[in-house]
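my_file-v7.txt, holding compact mmCIF, C-alpha atoms and all ligand atoms:
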```txt
# COMPACT_ATOMS: atom_id res chain seq x y z
CA MET Q 42 -24.40 34.87 16.74
CA SER Q 43 -23.81 35.79 20.34
CA GLU Q 44 -22.25 39.09 21.33
CA ASP Q 45 -19.43 37.12 22.97
CA TYR Q 46 -18.42 35.74 19.59
CA ARG Q 47 -18.60 39.16 17.99
CA SER Q 48 -16.25 40.63 20.56
CA MET Q 49 -13.96 37.59 20.18
CA TRP Q 50 -13.77 38.22 16.41
CA LYS Q 51 -13.23 41.93 16.97
CA ASN Q 52 -10.38 41.23 19.38
CA LEU Q 53 -8.81 38.99 16.76
CA GLY Q 54 -8.83 41.94 14.38
CA LEU Q 55 -11.38 40.49 11.96
CA ASP Q 56 -13.25 42.79 9.61
CA LEU Q 57 -16.72 42.18 11.04
CA GLU Q 58 -18.62 43.25 7.95
CA GLY Q 59 -16.59 41.05 5.62
CA HIS Q 60 -16.71 38.22 8.12
CA ASP Q 61 -20.52 38.45 8.34
CA ALA Q 62 -20.65 38.25 4.55
CA LEU Q 63 -18.40 35.16 4.48
CA LEU Q 64 -20.40 33.44 7.22
CA GLY Q 65 -23.59 34.26 5.30
CA VAL Q 66 -22.25 32.58 2.15
CA LEU Q 67 -20.97 29.58 4.11
CA GLY Q 68 -24.24 29.17 6.05
CA LYS Q 69 -26.38 29.41 2.91
CA ALA Q 70 -24.22 26.90 1.02
CA TYR Q 71 -24.31 24.51 3.97
CA GLN Q 72 -28.08 24.82 4.26
CA ASP Q 73 -28.62 24.23 0.53
CA ILE Q 74 -26.12 21.42 0.12
CA TYR Q 75 -25.91 19.54 3.40
CA LEU Q 76 -29.07 20.17 5.37
CA SER Q 77 -31.24 19.47 2.33
CA GLN Q 78 -29.79 15.95 1.87
CA LYS Q 79 -32.17 13.09 2.68
CA ASN Q 80 -31.49 10.02 4.74
CA ARG Q 81 -28.21 11.20 6.29
CA PRO Q 82 -26.65 9.18 9.12
CA GLU Q 83 -27.68 10.59 12.49
CA GLY Q 84 -24.02 10.87 13.47
CA MET Q 85 -23.63 13.65 10.90
CA GLY Q 86 -25.41 15.82 13.46
CA TYR Q 87 -22.00 16.24 15.09
CA PHE Q 88 -20.53 17.65 11.88
CA ASP Q 89 -23.55 19.92 11.40
CA PHE Q 90 -22.85 21.27 14.87
CA VAL Q 91 -19.14 21.68 14.11
CA MET Q 92 -19.97 23.59 10.95
CA SER Q 93 -22.48 25.82 12.73
CA GLU Q 94 -19.74 26.62 15.28
CA VAL Q 95 -16.82 26.67 12.86
CA HIS Q 96 -15.96 30.28 13.65
CA GLY Q 97 -17.54 30.16 17.13
CA LEU Q 98 -16.94 27.41 19.63
CA ARG Q 99 -13.87 25.95 17.91
CA ILE Q 100 -12.18 29.36 17.81
CA LYS Q 101 -13.06 29.90 21.47
CA GLU Q 102 -11.45 26.53 22.27
CA LEU Q 103 -8.28 27.51 20.39
CA LEU Q 104 -8.13 30.86 22.18
CA ASP Q 105 -8.62 29.08 25.52
CA GLU Q 106 -5.72 26.77 24.60
CA LYS Q 107 -3.60 29.82 23.82
CA ALA Q 108 -4.51 31.40 27.14
CA ALA Q 109 -3.34 28.20 28.82
CA GLY Q 110 0.06 28.48 27.09
CA ARG Q 111 -0.41 26.34 23.97
CA ARG Q 112 0.49 27.68 20.53
CA ILE Q 113 -1.60 27.46 17.34
CA ILE Q 114 0.01 26.65 14.00
CA GLY Q 115 -1.79 27.06 10.68
CA SER Q 116 -0.86 25.10 7.58
CA TYR Q 117 -1.81 24.83 3.90
CA CYS Q 118 -0.44 21.39 3.10
CA VAL Q 119 -0.59 17.78 4.29
CA PHE Q 120 3.22 17.65 4.35
CA VAL Q 121 3.24 19.62 7.61
CA PRO Q 122 3.56 16.86 10.24
CA GLU Q 123 0.91 17.19 12.92
CA GLU Q 124 2.83 14.67 15.05
CA ILE Q 125 5.70 17.12 15.60
CA VAL Q 126 3.32 20.01 16.29
CA LEU Q 127 1.36 18.09 18.94
CA ALA Q 128 4.52 16.70 20.55
CA ALA Q 129 5.79 20.25 21.10
CA ASN Q 130 2.56 21.33 22.81
CA ALA Q 131 0.97 23.13 19.88
CA THR Q 132 -2.22 22.61 17.86
CA LEU Q 133 -2.26 22.33 14.08
CA VAL Q 134 -5.15 23.73 12.05
CA GLY Q 135 -5.60 23.45 8.31
CA LEU Q 136 -6.32 26.80 6.68
CA CYS Q 137 -9.11 25.94 4.33
CA SER Q 138 -8.95 28.35 1.33
CA GLY Q 139 -12.10 27.10 -0.38
CA ALA Q 140 -13.90 30.35 -1.27
CA ASP Q 141 -13.21 33.51 -3.27
CA PHE Q 142 -12.86 36.61 -1.14
CA ALA Q 143 -11.51 40.13 -1.73
CA MET Q 144 -10.49 39.13 -5.25
CA GLU Q 145 -9.87 42.69 -6.42
CA GLU Q 146 -7.28 43.15 -3.68
CA VAL Q 147 -5.82 39.69 -4.30
CA GLU Q 148 -5.24 40.41 -7.97
CA LYS Q 149 -3.13 43.42 -7.04
CA LEU Q 150 -0.67 40.95 -5.50
CA LEU Q 151 -1.04 37.79 -7.55
CA PRO Q 152 -1.46 37.25 -11.29
CA ARG Q 153 -4.99 36.49 -12.44
CA ASN Q 154 -3.95 33.08 -13.65
CA THR Q 155 -3.15 31.77 -10.16
CA CYS Q 156 -5.20 28.82 -8.87
CA ALA Q 157 -8.29 29.56 -6.77
CA LEU Q 158 -6.81 27.88 -3.69
CA ILE Q 159 -3.83 30.23 -3.51
CA LYS Q 160 -5.97 33.26 -4.31
CA SER Q 161 -8.42 32.26 -1.59
CA SER Q 162 -5.67 32.05 1.04
CA PHE Q 163 -4.64 35.61 0.14
CA GLY Q 164 -8.26 36.80 0.05
CA PHE Q 165 -8.91 35.49 3.56
CA LYS Q 166 -5.82 37.30 4.82
CA LEU Q 167 -6.36 40.57 2.96
CA GLY Q 168 -10.07 40.64 3.86
CA LYS Q 169 -9.29 39.73 7.53
CA VAL Q 170 -12.11 37.22 7.59
CA CYS Q 171 -10.53 33.98 8.83
CA PRO Q 172 -10.36 33.57 12.62
CA TYR Q 173 -8.06 30.52 12.24
CA LEU Q 174 -5.52 32.56 10.31
CA GLU Q 175 -5.74 35.42 12.79
CA SER Q 176 -5.43 33.11 15.83
CA ALA Q 177 -2.33 31.35 14.54
CA ASP Q 178 1.02 32.03 16.17
CA MET Q 179 2.84 30.60 13.17
CA ILE Q 180 1.76 29.99 9.58
CA VAL Q 181 3.59 27.26 7.69
CA GLY Q 182 4.03 27.55 3.95
CA GLU Q 183 5.80 24.96 1.82
CA ASN Q 184 7.76 24.81 -1.41
CA THR Q 185 5.40 22.60 -3.37
CA CYS Q 186 3.96 23.92 -6.65
CA ASP Q 187 5.45 27.05 -8.26
CA GLY Q 188 2.30 29.03 -7.47
CA LYS Q 189 2.52 28.41 -3.73
CA LYS Q 190 6.29 28.76 -3.63
CA LYS Q 191 6.23 32.23 -5.14
CA ALA Q 192 3.02 33.29 -3.37
CA TYR Q 193 4.62 32.74 0.05
CA GLU Q 194 7.23 35.35 -0.87
CA SER Q 195 4.41 37.91 -1.10
CA MET Q 196 2.56 36.44 1.88
CA ASN Q 197 5.63 37.13 4.00
CA ASP Q 198 4.65 40.82 3.92
CA LEU Q 199 1.11 40.05 5.08
CA VAL Q 200 1.58 37.65 8.01
CA GLU Q 201 3.75 38.05 11.04
CA ASN Q 202 5.24 34.63 11.55
CA LEU Q 203 5.46 32.82 8.22
CA TYR Q 204 7.68 29.75 8.24
CA VAL Q 205 8.46 28.17 4.86
CA MET Q 206 9.33 24.49 4.70
CA ASP Q 207 11.36 23.27 1.75
CA LEU Q 208 10.11 20.04 0.20
CA PRO Q 209 11.63 17.56 -2.25
CA GLN Q 210 10.27 17.24 -5.78
CA VAL Q 211 11.85 13.85 -6.54
CA LYS Q 212 11.39 10.57 -4.65
CA SER Q 213 15.12 9.86 -4.40
CA GLU Q 214 17.45 9.24 -1.46
CA ASN Q 215 18.47 12.91 -1.70
CA GLY Q 216 14.79 13.88 -1.66
CA LYS Q 217 14.23 11.82 1.46
CA SER Q 218 17.18 13.34 3.28
CA LEU Q 219 15.94 16.82 2.37
CA LEU Q 220 12.56 15.95 3.91
CA ARG Q 221 14.30 14.62 7.02
CA SER Q 222 16.44 17.70 7.47
CA GLU Q 223 13.43 19.96 6.90
CA TYR Q 224 11.42 18.08 9.55
CA ILE Q 225 14.31 18.46 12.00
CA ARG Q 226 14.46 22.20 11.22
CA PHE Q 227 10.66 22.41 11.65
CA LYS Q 228 10.83 20.59 15.01
CA ALA Q 229 13.36 23.17 16.24
CA ALA Q 230 11.16 26.04 15.01
CA VAL Q 231 8.09 24.67 16.77
CA GLU Q 232 10.07 24.01 19.97
CA ASN Q 233 11.33 27.56 19.78
CA LEU Q 234 7.77 28.87 19.38
CA THR Q 235 6.31 26.87 22.27
CA GLY Q 236 9.34 26.67 24.53
CA VAL Q 237 8.64 22.93 24.87
CA SER Q 238 11.10 20.26 23.73
CA VAL Q 239 9.83 17.20 21.90
CA THR Q 240 10.55 14.07 23.94
CA ALA Q 241 10.27 10.40 23.05
CA GLU Q 242 7.14 10.19 25.24
CA SER Q 243 5.43 13.25 23.77
CA LEU Q 244 6.26 12.20 20.21
CA LYS Q 245 4.96 8.67 20.73
CA GLU Q 246 1.74 10.00 22.19
CA ALA Q 247 1.35 12.48 19.32
CA ILE Q 248 1.91 9.74 16.73
CA ARG Q 249 -0.78 7.65 18.41
CA THR Q 250 -3.23 10.56 18.49
CA VAL Q 251 -2.79 11.31 14.79
CA ASN Q 252 -2.82 7.60 13.86
CA ALA Q 253 -6.11 7.21 15.75
CA LYS Q 254 -7.77 9.96 13.77
CA ARG Q 255 -6.42 8.57 10.50
CA SER Q 256 -7.59 5.06 11.47
CA ALA Q 257 -11.09 6.38 12.13
CA ILE Q 258 -11.12 7.92 8.64
CA HIS Q 259 -9.80 4.63 7.17
CA ARG Q 260 -12.70 2.85 8.86
CA LEU Q 261 -15.17 5.34 7.39
CA SER Q 262 -13.60 5.00 3.92
CA SER Q 263 -13.76 1.27 4.04
CA LEU Q 264 -17.51 1.34 4.80
CA ARG Q 265 -18.02 3.32 1.60
CA LYS Q 266 -17.18 0.12 -0.31
CA ALA Q 267 -20.69 -1.18 0.39
CA ASP Q 268 -23.50 -1.06 -2.17
CA PRO Q 269 -25.86 0.65 -1.48
CA ALA Q 270 -23.50 3.31 -0.17
CA PRO Q 271 -24.32 3.98 3.52
CA ILE Q 272 -23.10 7.60 3.38
CA SER Q 273 -23.01 10.22 0.65
CA GLY Q 274 -19.76 11.47 -0.83
CA LEU Q 275 -20.70 14.94 0.38
CA ASP Q 276 -20.94 13.79 4.00
CA ALA Q 277 -17.73 11.76 3.79
CA LEU Q 278 -15.96 14.77 2.26
CA LEU Q 279 -17.18 16.91 5.15
CA ALA Q 280 -15.63 14.48 7.65
CA ASN Q 281 -12.36 14.66 5.68
CA GLN Q 282 -12.51 18.46 5.75
CA VAL Q 283 -13.27 18.71 9.48
CA PHE Q 284 -10.26 16.38 10.04
CA PHE Q 285 -8.06 19.46 9.54
CA TYR Q 286 -9.30 21.68 12.33
CA ASP Q 287 -11.27 19.74 14.93
CA ASN Q 288 -9.93 18.60 18.27
CA PRO Q 289 -8.21 15.29 17.31
CA ALA Q 290 -9.58 13.08 20.10
CA ARG Q 291 -13.15 14.35 19.71
CA PHE Q 292 -12.94 13.98 15.94
CA THR Q 293 -11.78 10.36 16.26
CA GLU Q 294 -14.61 9.54 18.64
CA SER Q 295 -17.23 11.20 16.42
CA VAL Q 296 -16.09 9.46 13.24
CA ASN Q 297 -16.03 6.10 15.01
CA LYS Q 298 -19.58 6.72 16.23
CA ILE Q 299 -20.74 7.33 12.65
CA CYS Q 300 -18.95 4.15 11.58
CA ASP Q 301 -20.92 2.13 14.17
CA GLU Q 302 -24.10 3.55 12.66
CA LEU Q 303 -22.93 2.86 9.09
CA GLU Q 304 -22.13 -0.75 9.93
CA GLN Q 305 -25.72 -1.17 11.07
CA ARG Q 306 -26.96 0.52 7.89
CA ILE Q 307 -24.91 -1.87 5.78
CA ALA Q 308 -26.32 -4.84 7.70
CA ASP Q 309 -29.84 -3.47 7.06
CA LYS Q 310 -28.99 -2.76 3.39
CA LYS Q 311 -29.95 0.85 3.99
CA GLY Q 312 -28.24 3.31 1.67
CA VAL Q 313 -28.30 6.99 0.83
CA PHE Q 314 -28.57 6.09 -2.85
CA PRO Q 315 -30.32 3.09 -4.41
CA GLU Q 316 -28.33 -0.08 -4.95
CA LYS Q 317 -26.37 -0.05 -8.24
CA ALA Q 318 -26.27 3.76 -8.38
CA PRO Q 319 -23.22 4.77 -10.48
CA ARG Q 320 -20.14 4.93 -8.26
CA ILE Q 321 -17.56 7.64 -8.82
CA LEU Q 322 -14.04 8.23 -7.60
CA VAL Q 323 -12.96 11.88 -7.51
CA SER Q 324 -9.25 12.38 -8.07
CA GLY Q 325 -7.10 15.50 -8.15
CA CYS Q 326 -6.78 18.81 -6.32
CA PRO Q 327 -7.82 19.25 -2.68
CA GLN Q 328 -11.45 20.32 -2.05
CA ALA Q 329 -11.43 22.76 0.85
CA VAL Q 330 -14.45 24.10 2.79
CA PRO Q 331 -16.82 25.46 1.38
CA ASN Q 332 -15.89 24.29 -2.12
CA TRP Q 333 -18.65 21.69 -2.51
CA LYS Q 334 -19.64 22.56 -6.08
CA LEU Q 335 -18.42 19.40 -7.81
CA PRO Q 336 -19.71 16.76 -5.34
CA MET Q 337 -23.03 18.55 -5.12
CA ILE Q 338 -23.50 18.37 -8.90
CA VAL Q 339 -22.32 14.75 -9.09
CA GLU Q 340 -24.64 13.50 -6.37
CA ALA Q 341 -27.59 15.57 -7.59
CA ALA Q 342 -27.13 13.73 -10.90
CA GLY Q 343 -27.81 10.44 -9.08
CA ALA Q 344 -24.26 9.08 -8.77
CA VAL Q 345 -22.53 8.46 -5.46
CA ILE Q 346 -18.95 9.51 -4.76
CA VAL Q 347 -17.25 6.56 -3.07
CA GLY Q 348 -13.76 7.96 -2.57
CA GLU Q 349 -11.48 10.97 -2.92
CA GLU Q 350 -7.95 10.51 -4.25
CA SER Q 351 -7.03 13.88 -2.85
CA CYS Q 352 -5.20 15.57 0.01
CA VAL Q 353 -8.62 16.25 1.51
CA GLY Q 354 -9.18 12.51 1.35
CA GLU Q 355 -7.10 9.40 0.99
CA ARG Q 356 -3.86 10.92 -0.34
CA GLY Q 357 -3.65 12.92 2.86
CA THR Q 358 -4.73 10.27 5.34
CA ARG Q 359 -3.91 6.85 3.95
CA ASN Q 360 -0.69 5.85 5.72
CA LEU Q 361 -0.13 5.53 9.45
CA THR Q 362 3.14 6.40 11.19
CA ASP Q 363 5.02 3.52 12.79
CA ASP Q 364 4.86 4.19 16.54
CA SER Q 365 7.26 1.45 17.63
CA GLY Q 366 10.38 3.67 17.85
CA GLU Q 367 11.88 4.32 21.27
CA THR Q 368 13.85 7.49 20.61
CA VAL Q 369 12.96 10.83 19.04
CA GLU Q 370 15.38 10.00 16.21
CA GLN Q 371 13.73 6.68 15.43
CA MET Q 372 10.28 8.20 15.49
CA LEU Q 373 11.39 11.09 13.25
CA ASP Q 374 12.60 8.48 10.76
CA ALA Q 375 9.16 6.85 10.91
CA ILE Q 376 7.49 10.23 10.34
CA VAL Q 377 9.73 10.87 7.32
CA ASP Q 378 8.92 7.38 5.95
CA ARG Q 379 5.21 8.06 6.31
CA TYR Q 380 5.12 11.50 4.71
CA PHE Q 381 7.54 10.57 1.93
CA GLN Q 382 4.80 8.31 0.56
CA VAL Q 383 2.43 11.25 -0.09
CA ASP Q 384 2.08 11.22 -3.88
CA CYS Q 385 1.39 14.90 -4.57
CA ALA Q 386 1.62 15.93 -8.22
CA ILE Q 387 4.57 18.20 -7.41
CA PHE Q 388 6.74 15.05 -7.54
CA THR Q 389 8.35 14.07 -10.81
CA PRO Q 390 7.94 11.40 -11.95
CA ASN Q 391 4.90 10.45 -9.86
CA PRO Q 392 3.84 6.88 -10.78
CA ASP Q 393 2.60 6.09 -7.25
CA ARG Q 394 -0.39 8.36 -7.73
CA LEU Q 395 -1.66 6.48 -10.77
CA ASP Q 396 -1.16 3.18 -8.90
CA HIS Q 397 -3.17 4.58 -6.00
CA ILE Q 398 -5.98 5.72 -8.31
CA ARG Q 399 -6.15 2.22 -9.80
CA GLU Q 400 -6.12 0.64 -6.31
CA MET Q 401 -8.94 2.91 -5.18
CA ILE Q 402 -11.06 2.15 -8.27
CA ALA Q 403 -10.78 -1.56 -7.48
CA ALA Q 404 -11.27 -1.23 -3.71
CA TYR Q 405 -14.31 1.06 -3.89
CA LYS Q 406 -15.74 -0.61 -7.01
CA ALA Q 407 -15.87 2.71 -8.83
CA ASP Q 408 -17.53 2.73 -12.25
CA GLY Q 409 -15.70 5.85 -13.35
CA VAL Q 410 -13.34 8.62 -12.30
CA ILE Q 411 -13.82 12.37 -12.32
CA HIS Q 412 -10.47 14.12 -12.43
CA TYR Q 413 -10.90 17.40 -10.61
CA GLY Q 414 -8.36 20.07 -11.53
CA LEU Q 415 -8.41 23.67 -10.39
CA GLN Q 416 -7.86 26.10 -13.22
CA PHE Q 417 -4.18 27.12 -13.47
CA CYS Q 418 -3.04 24.21 -11.29
CA GLN Q 419 -0.25 22.97 -13.50
CA PRO Q 420 0.80 19.88 -11.49
CA TYR Q 421 -2.66 18.27 -11.40
CA LEU Q 422 -3.82 19.46 -14.83
CA MET Q 423 -0.59 18.11 -16.35
CA GLU Q 424 -1.12 14.76 -14.65
CA SER Q 425 -4.79 14.60 -15.64
CA ILE Q 426 -3.96 13.78 -19.28
CA PRO Q 427 -1.80 10.67 -18.63
CA VAL Q 428 -4.23 9.60 -15.87
CA GLU Q 429 -7.17 9.76 -18.29
CA LYS Q 430 -5.19 7.91 -20.98
CA ALA Q 431 -4.10 5.14 -18.59
CA LEU Q 432 -7.65 4.64 -17.31
CA GLU Q 433 -9.20 4.61 -20.75
CA GLU Q 434 -6.73 1.95 -21.84
CA LYS Q 435 -8.31 -0.20 -19.13
CA ASN Q 436 -11.82 0.84 -20.23
CA ILE Q 437 -12.41 2.89 -17.10
CA PRO Q 438 -14.40 6.01 -18.04
CA CYS Q 439 -12.76 9.24 -16.94
CA LEU Q 440 -14.06 12.80 -17.07
CA ARG Q 441 -11.57 15.63 -16.78
CA ILE Q 442 -12.96 18.73 -15.10
CA GLU Q 443 -11.15 22.04 -14.88
CA THR Q 444 -12.92 24.57 -12.71
CA ASP Q 445 -12.60 27.24 -10.01
CA TYR Q 446 -14.61 28.44 -7.02
CA GLY Q 447 -17.09 30.55 -9.02
CA ALA Q 448 -20.64 29.49 -9.86
CA GLU Q 449 -20.43 30.66 -13.49
CA ASP Q 450 -19.60 27.24 -14.93
CA ALA Q 451 -22.10 25.30 -12.76
CA GLY Q 452 -24.59 24.88 -15.63
CA GLN Q 453 -21.97 23.64 -18.05
CA LEU Q 454 -20.50 21.28 -15.42
CA LYS Q 455 -23.96 19.93 -14.68
CA THR Q 456 -24.54 19.09 -18.34
CA ARG Q 457 -21.18 17.32 -18.70
CA ILE Q 458 -21.49 15.44 -15.42
CA GLU Q 459 -25.05 14.30 -16.09
CA ALA Q 460 -23.94 12.94 -19.47
CA PHE Q 461 -21.02 11.14 -17.78
CA VAL Q 462 -23.29 9.60 -15.14
CA GLU Q 463 -25.67 8.41 -17.89
CA GLN Q 464 -22.71 6.78 -19.62
CA LEU Q 465 -21.93 4.85 -16.41
CA ARG Q 466 -25.48 3.54 -15.93
S1 LIG Q 501 0.55 17.72 -0.84
S2 LIG Q 501 -1.80 18.72 -3.31
S3 LIG Q 501 -1.91 19.98 -0.02
S4 LIG Q 501 0.74 20.90 -2.27
S5 LIG Q 501 -4.28 23.44 -6.45
S6 LIG Q 501 -1.88 25.30 -4.65
S7 LIG Q 501 -0.93 22.21 -6.28
S8 LIG Q 501 -1.66 25.16 -8.15
S9 LIG Q 501 -2.72 22.24 -3.05
FE1 LIG Q 501 -1.45 20.58 -2.19
FE2 LIG Q 501 0.29 19.84 -0.36
FE3 LIG Q 501 0.38 18.78 -2.80
FE4 LIG Q 501 -1.56 18.15 -1.16
FE5 LIG Q 501 -0.63 24.45 -6.29
FE6 LIG Q 501 -2.45 23.11 -7.65
FE7 LIG Q 501 -3.12 25.35 -6.47
FE8 LIG Q 501 -2.51 23.17 -5.03
```

Will you turn the file into structure tokens for me?
Amino acid sequence: MSEDYRSMWKNLGLDLEGHDALLGVLGKAYQDIYLSQKNRPEGMGYFDFVMSEVHGLRIKELLDEKAAGRRIIGSYCVFVPEEIVLAANATLVGLCSGADFAMEEVEKLLPRNTCALIKSSFGFKLGKVCPYLESADMIVGENTCDGKKKAYESMNDLVENLYVMDLPQVKSENGKSLLRSEYIRFKAAVENLTGVSVTAESLKEAIRTVNAKRSAIHRLSSLRKADPAPISGLDALLANQVFFYDNPARFTESVNKICDELEQRIADKKGVFPEKAPRILVSGCPQAVPNWKLPMIVEAAGAVIVGEESCVGERGTRNLTDDSGETVEQMLDAIVDRYFQVDCAIFTPNPDRLDHIREMIAAYKADGVIHYGLQFCQPYLMESIPVEKALEEKNIPCLRIETDYGAEDAGQLKTRIEAFVEQLR
């Protein structure tokens, strides 16, 4: 790492020793999991570069944007509308929370039985190891699951500018108007932060920018329907993860470039796995960088992951926002309509999610589903039981996994997953 980067991290207030340790873990995992894959599309070279510069060049770009007067906003949830952030001259970054860090300190603030994702977000803050978190001018929390809701109360003492968005838990008219009023309140908060008012022009342009990046991901997803699969689940997951913090226009261009290559691969019948390899849909909790444990085990067992019913995946990206409105009001309505369709397990009841899982199984010709639940995540673990039951009634094999970010259960997971993949053959 160059000295320039080290002084950049120091100026951000990072703990350099802890940060070196985190980068070491990330780099080793990336080397072992991604760079050892065979037959990857050449276009993945872009994502390898992004990952090698994840705390370097991208942070420098964000700091350059800040120096030019833009503001950076960090978020933990796909309900935070990027369209509004961009329209008010700010940049949204997803705060990944995919690795354990400073757990001893974290457990002084949070109960042990809190999900790994929440603990990780605290660990990154307490350990001062995340340059995205430290560059952000505003951090957005949201009232989703009970764990997050209560954790943000404690996080308020750790971060300077925490903004908490209230979110509905029921898909009713009242729920929708709550979402609308919360997006209006959020728009005002972002405008206040940046000093820039959202206009009809800026909002339309922002909607188009975000739609373009979602459309590129839709194109990539749709190419995963082919057999043999032209891209591994690991690589597709990486693209879905980078979605949250890359420059939107460059991300769109890079994903479209990979799609051109994948189309050629499909025409040539060239796959990353042999034809008729078992095809798996992963459904459940978000998989943040560098939490690649599950897909690594699944694909090492000879199955290919063909889709993710997840917020780092199709639940987060699947719907576009109607850009035909002419006024800020009309476009805000379209944004509310789009986000109100997100079928997170915090909603009760939540039948849309099961419908989406079934749709994805059919569209991606999945042979089976792995339901991925983080330990102590009540919303997704609760839903995993009816999901499994509904799928088994239709003779669709389903494996329920409950895990965390540690490596301790890797052996046991491997045994269960290999047996499941055998069952699908
Ligand atoms: S819209 S899934 S990103 S809330 S894993 S913290 S649910 S206990 S992350 Fe999520 Fe938004 Fe919903 Fe998506 Fe709680 Fe479960 Fe932990 Fe979770």

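Relative to atom S5 of ligand LIG 501 (chain Q), CA of Met337 (chain Q) is found at 19.4 Å.
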
Counting only C-alpha atoms and all ligand atoms, name the residues that have an atom within 6 Å of an atom of ligand LIG 501 (chain Q); the answer should be given as an mmCIF file with C-alpha atoms, in the frame of the given file.
```cif
data_model
loop_
_atom_site.group_PDB
_atom_site.id
_atom_site.type_symbol
_atom_site.label_atom_id
_atom_site.label_comp_id
_atom_site.auth_asym_id
_atom_site.auth_seq_id
_atom_site.Cartn_x
_atom_site.Cartn_y
_atom_site.Cartn_z
ATOM 1 C CA CYS Q 118 -0.440 21.390 3.100
ATOM 2 C CA VAL Q 119 -0.590 17.780 4.290
ATOM 3 C CA PHE Q 120 3.220 17.650 4.350
ATOM 4 C CA CYS Q 156 -5.200 28.820 -8.870
ATOM 5 C CA LEU Q 158 -6.810 27.880 -3.690
ATOM 6 C CA ILE Q 159 -3.830 30.230 -3.510
ATOM 7 C CA THR Q 185 5.400 22.600 -3.370
ATOM 8 C CA CYS Q 186 3.960 23.920 -6.650
ATOM 9 C CA GLY Q 188 2.300 29.030 -7.470
ATOM 10 C CA LYS Q 189 2.520 28.410 -3.730
ATOM 11 C CA CYS Q 326 -6.780 18.810 -6.320
ATOM 12 C CA PRO Q 327 -7.820 19.250 -2.680
ATOM 13 C CA CYS Q 352 -5.200 15.570 0.010
ATOM 14 C CA CYS Q 385 1.390 14.900 -4.570
ATOM 15 C CA LEU Q 415 -8.410 23.670 -10.390
ATOM 16 C CA CYS Q 418 -3.040 24.210 -11.290
ATOM 17 C CA GLN Q 419 -0.250 22.970 -13.500
ATOM 18 C CA PRO Q 420 0.800 19.880 -11.490
#
```

Is it possible to get the residues within 8 Å of (-14.9, 8.7, -15.2) (coordinates as in the file, counting only C-alpha atoms) written as JSON, numbers by chain? {"Q": [321, 322, 408, 409, 410, 411, 412, 437, 438, 439, 440, 441, 461]}

Report the distance between CA of Val147 (chain Q) and CA of Tyr193 (chain Q) in Å, rounded to one decimal place. 13.3 Å

Separating CA of Ile225 (chain Q) from CA of Asp364 (chain Q), to the nearest tenth of an Å, is a gap of 17.7 Å

Could you pull the residues within 12 Å of Glu463 (chain Q), counting all atoms listed in the file, minus those fewer than 2 positions along the same chain, as a list in words? Ala318, Pro319, Arg320, Val339, Ala342, Gly343, Ala344, Asp408, Gly409, Pro438, Thr456, Arg457, Ile458, Glu459, Ala460, Phe461, Leu465 and Arg466 of chain Q

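Among the candidate residues Q:Leu373, Q:Ala140, Q:Ala404, Q:Val126, the one lying nearest to Arg112 (chain Q) is Q:Val126, with distances computed using all atoms listed in the file.
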
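Within 10 Å of Gly348 (chain Q), once all atoms listed in the file are used and residues closer than 4 positions along the same chain are dropped, the contacting residues are Ser262, Ser263, Arg265, Lys266, Gly274, Ala277, Leu278, Arg320, Ile321, Leu322, Val323, Ser324, Gly354, Glu355, Ile398, Met401, Ile402, Ala404, Tyr405, Lys406, Ala407 and Val410 of chain Q.
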
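Closest approach to Val239 (chain Q) among Q:Tyr204, Q:Ala448, Q:Phe227, Q:Gly59 is made by Q:Phe227 (distances from only C-alpha atoms).
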